[in-house]
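Below is the file coords19.pdb, which contains PDB, C-alpha atoms.
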ATOM      1  CA  MET V  97      12.993-160.145 157.874
ATOM      2  CA  GLY V  98      12.929-156.892 159.802
ATOM      3  CA  LEU V  99      15.541-155.803 162.278
ATOM      4  CA  ARG V 100      17.452-158.004 164.717
ATOM      5  CA  LEU V 101      20.422-157.486 166.979
ATOM      6  CA  ALA V 102      23.314-159.115 165.101
ATOM      7  CA  LEU V 103      26.499-158.106 166.933
ATOM      8  CA  CYS V 104      27.583-156.744 170.281
ATOM      9  CA  ALA V 105      31.135-155.320 170.363
ATOM     10  CA  VAL V 106      33.327-156.151 173.350
ATOM     11  CA  LEU V 107      36.476-154.075 173.844
ATOM     12  CA  VAL V 108      39.582-156.097 174.658
ATOM     13  CA  PRO V 109      43.333-155.347 174.859
ATOM     14  CA  ASP V 110      44.238-157.935 172.193
ATOM     15  CA  TYR V 111      42.467-160.271 169.800
ATOM     16  CA  ASP V 112      44.032-163.682 170.393
ATOM     17  CA  PRO V 113      43.521-163.986 174.181
ATOM     18  CA  ALA V 114      39.919-162.850 173.656
ATOM     19  CA  ILE V 115      39.357-165.456 170.944
ATOM     20  CA  CYS V 116      40.688-168.069 173.365
ATOM     21  CA  PHE V 117      38.330-166.930 176.147
ATOM     22  CA  PHE V 118      35.239-166.838 173.943
ATOM     23  CA  THR V 119      35.933-170.140 172.168
ATOM     24  CA  GLU V 120      37.686-172.312 174.740
ATOM     25  CA  THR V 121      36.204-171.008 177.980
ATOM     26  CA  LEU V 122      32.705-170.015 176.861
ATOM     27  CA  GLY V 123      32.465-172.613 174.078
ATOM     28  CA  LEU V 124      31.479-170.233 171.288
ATOM     29  CA  ASP V 125      32.574-170.736 167.689
ATOM     30  CA  LEU V 126      35.066-168.541 165.862
ATOM     31  CA  LEU V 127      32.901-167.409 162.957
ATOM     32  CA  GLU V 128      35.230-164.960 161.231
ATOM     33  CA  ASP V 129      38.743-163.583 161.650
ATOM     34  CA  ASN V 130      39.853-161.241 158.870
ATOM     35  CA  ASP V 131      42.738-158.793 158.762
ATOM     36  CA  LEU V 132      41.802-155.197 158.003
ATOM     37  CA  ASP V 133      43.919-152.130 157.317
ATOM     38  CA  GLY V 134      45.995-150.641 160.123
ATOM     39  CA  GLY V 135      46.427-153.846 162.152
ATOM     40  CA  LYS V 136      42.711-154.150 162.851
ATOM     41  CA  ARG V 137      40.856-157.432 162.555
ATOM     42  CA  TRP V 138      37.183-158.260 162.057
ATOM     43  CA  VAL V 139      36.634-161.041 164.591
ATOM     44  CA  ARG V 140      33.204-162.548 165.214
ATOM     45  CA  VAL V 141      32.358-165.276 167.720
ATOM     46  CA  GLY V 142      28.990-166.888 168.385
ATOM     47  CA  HIS V 143      27.123-170.074 167.633
ATOM     48  CA  LYS V 144      27.186-171.469 164.113
ATOM     49  CA  THR V 145      23.479-172.182 164.531
ATOM     50  CA  GLY V 146      22.693-168.471 164.876
ATOM     51  CA  GLY V 147      21.796-165.912 167.496
ATOM     52  CA  THR V 148      23.503-162.739 168.635
ATOM     53  CA  GLU V 149      27.253-162.699 168.032
ATOM     54  CA  PHE V 150      30.151-160.842 169.631
ATOM     55  CA  LEU V 151      32.502-158.639 167.673
ATOM     56  CA  ILE V 152      35.874-158.732 169.408
ATOM     57  CA  ALA V 153      37.225-155.189 169.153
ATOM     58  CA  ARG V 154      40.816-154.352 170.102
ATOM     59  CA  ALA V 155      40.696-151.052 171.948
ATOM     60  CA  VAL V 156      43.011-148.281 170.790
ATOM     61  CA  GLY V 157      43.880-144.913 172.308
ATOM     62  CA  ASP V 158      41.254-143.517 174.671
ATOM     63  CA  GLN V 159      39.101-146.622 174.141
ATOM     64  CA  ARG V 160      41.464-148.569 176.427
ATOM     65  CA  ALA V 161      39.924-146.866 179.472
ATOM     66  CA  ALA V 162      36.595-148.535 178.654
ATOM     67  CA  ILE V 163      37.942-152.111 178.619
ATOM     68  CA  GLY V 164      35.968-154.020 181.229
ATOM     69  CA  GLN V 165      33.796-150.983 181.944
ATOM     70  CA  GLN V 166      31.413-150.974 179.008
ATOM     71  CA  GLY V 167      28.533-151.699 181.354
ATOM     72  CA  GLY V 168      29.522-148.986 183.820
ATOM     73  CA  GLY V 169      30.130-151.590 186.552
ATOM     74  CA  ARG V 170      26.772-153.304 186.039
ATOM     75  CA  VAL V 171      26.099-156.734 184.622
ATOM     76  CA  TRP V 172      25.564-156.053 180.942
ATOM     77  CA  LEU V 173      26.146-159.418 179.304
ATOM     78  CA  PHE V 174      23.626-162.208 179.791
ATOM     79  CA  LEU V 175      24.533-165.763 178.850
ATOM     80  CA  HIS V 176      21.633-168.227 178.770
ATOM     81  CA  THR V 177      22.142-171.947 179.343
ATOM     82  CA  ASP V 178      19.891-174.970 179.282
ATOM     83  CA  ASP V 179      21.914-176.608 182.104
ATOM     84  CA  PHE V 180      23.157-174.202 184.763
ATOM     85  CA  ALA V 181      24.947-176.817 186.880
ATOM     86  CA  ARG V 182      26.900-178.180 183.899
ATOM     87  CA  ASP V 183      28.054-174.780 182.627
ATOM     88  CA  HIS V 184      28.715-173.351 186.097
ATOM     89  CA  ALA V 185      31.010-176.317 186.862
ATOM     90  CA  HIS V 186      32.707-176.035 183.446
ATOM     91  CA  PHE V 187      33.396-172.320 183.915
ATOM     92  CA  ILE V 188      34.863-172.895 187.391
ATOM     93  CA  ALA V 189      37.083-175.651 185.940
ATOM     94  CA  GLN V 190      38.213-173.141 183.293
ATOM     95  CA  GLY V 191      39.267-170.683 186.006
ATOM     96  CA  ILE V 192      36.289-168.336 185.977
ATOM     97  CA  GLU V 193      35.564-166.935 189.413
ATOM     98  CA  PHE V 194      31.956-166.222 190.274
ATOM     99  CA  GLU V 195      31.119-163.236 192.455
ATOM    100  CA  GLU V 196      28.370-165.124 194.223
ATOM    101  CA  SER V 197      26.805-168.508 194.758
ATOM    102  CA  PRO V 198      24.036-169.492 192.349
ATOM    103  CA  ARG V 199      20.687-168.039 193.331
ATOM    104  CA  HIS V 200      17.132-168.709 192.261
ATOM    105  CA  GLU V 201      15.141-165.772 190.947
ATOM    106  CA  PRO V 202      11.665-165.680 189.366
ATOM    107  CA  TYR V 203      13.327-165.524 185.922
ATOM    108  CA  GLY V 204      15.739-168.427 186.557
ATOM    109  CA  THR V 205      18.893-169.700 188.229
ATOM    110  CA  VAL V 206      21.657-167.104 187.994
ATOM    111  CA  ALA V 207      25.170-166.234 189.145
ATOM    112  CA  VAL V 208      27.443-163.302 188.259
ATOM    113  CA  PHE V 209      30.977-163.741 186.948
ATOM    114  CA  ARG V 210      33.609-161.469 185.431
ATOM    115  CA  ASP V 211      35.478-162.088 182.223
ATOM    116  CA  PRO V 212      39.283-161.616 182.120
ATOM    117  CA  TRP V 213      38.835-157.882 181.436
ATOM    118  CA  GLY V 214      36.362-157.150 184.235
ATOM    119  CA  ASN V 215      33.048-157.166 182.353
ATOM    120  CA  ARG V 216      30.250-158.530 184.527
ATOM    121  CA  TRP V 217      28.081-161.334 183.116
ATOM    122  CA  ASP V 218      25.025-163.240 184.313
ATOM    123  CA  LEU V 219      25.022-166.971 183.654
ATOM    124  CA  ILE V 220      21.296-167.768 183.592
ATOM    125  CA  GLU V 221      19.206-170.869 183.174
ATOM    126  CA  PRO V 222      15.830-169.274 182.440
ATOM    127  CA  THR V 223      12.754-170.558 184.236
ATOM    128  CA  ARG V 224      10.753-172.792 181.951
ATOM    129  CA  GLN V 225       7.317-171.371 181.272
TER     130      GLN V 225
END

Would you mind writing the file out in structure tokens?
Amino acid sequence: MGLRLALCAVLVPDYDPAICFFTETLGLDLLEDNDLDGGKRWVRVGHKTGGTEFLIARAVGDQRAAIGQQGGGRVWLFLHTDDFARDHAHFIAQGIEFEESPRHEPYGTVAVFRDPWGNRWDLIEPTRQ
């Protein structure tokens, strides 16, 4: 099998609003939500069919300063779609504000948005090759 990227942790202030954003707004599936010791939870969201998943991590202590800044102000999350127009319209209807109008790049159609915590994402429909 070899190695593969399985999870990417995203720091958030609280679990439940993040679960709502990832499942209702982005349309991902809640794959796991287990209570751990000390009020922590193991929360995974992604697609049931596979692929990289997100681990929703409630920030504590000094970690709170990194909420929304994990990418250092850069786009660091890249969400691929097979229908840019459909998902762009859905996200706007869900209240997501895009930083720019969609643009066409050699790698695909793309626009940058921020999640509720300030993380910058690219919504991309890759160019078919």

Give me the residues near Thr148 of chain V as a VMD selection string, where near means some atom within 12 Å (using all atoms listed in the file) and where sequence neighbours in that chain fewer than 2 positions away do not count. chain V and resid 100 to 105 124 127 140 to 146 150 to 151 173 to 176

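With only C-alpha atoms as the atoms that count, the residue of V:Glu195, V:Asp110, V:Glu221, V:Asp133 with the shortest distance to Val156 of chain V is V:Asp110.
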
Given the file shown, determine the residues that the PyMOL selection byres ((chain V and resi 185) around 12) selects; report them as a ChimeraX atom specification. /V:121-122,179-184,186-194,197-198,207,219

Measure the distance from atom CA of Thr205 of chain V to atom CA of Thr223 of chain V in Å and round it to one decimal.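 Atom CA of Thr223 of chain V lies 7.4 Å from atom CA of Thr205 of chain V.
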
Using 4 Å of padding on each side, determine the axis-aligned box around all atoms of segment 171-188 of chain V present in the file and give its centre and edge lengths in Å to one decimal, as AutoDock Vina command-line options.
--center_x 27.4 --center_y -167.1 --center_z 183.1 --size_x 23.0 --size_y 30.1 --size_z 16.6

Is it possible to get the residues within 12 Å of (30.4, -153.9, 181.9) (coordinates as in the file, counting all atoms listed in the file) written as number ranges by chain? V: 105-108, 162-174, 208-218

Mind pulling up the distance from atom CA of Lys136 of chain V to atom CA of Ala161 of chain V?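 So the answer is 18.4 Å.
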
What does the structure give for the distance between atom CA of Glu128 of chain V and atom CA of Arg160 of chain V, in Å to one decimal?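 Between these atoms lies a distance of 23.2 Å.
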
Quick check on the file I pasted: which residues fall under the PyMOL selection byres ((chain V and resi 224) around 10)? Write them as a list in words.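 That selection, the PyMOL selection byres ((chain V and resi 224) around 10), comes back as Asp178, Tyr203, Gly204, Glu221, Pro222, Thr223 and Gln225 of chain V.
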
All residues 7 Å or closer to Asn130 of chain V, only C-alpha atoms, same chain fewer than 6 positions away omitted, as number ranges by chain: V: 137-139

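Using all atoms listed in the file for every distance, the candidate list V:Ile152, V:Thr177, V:Pro202, V:Asp158 yields V:Thr177 as the residue closest to Ile220 of chain V.
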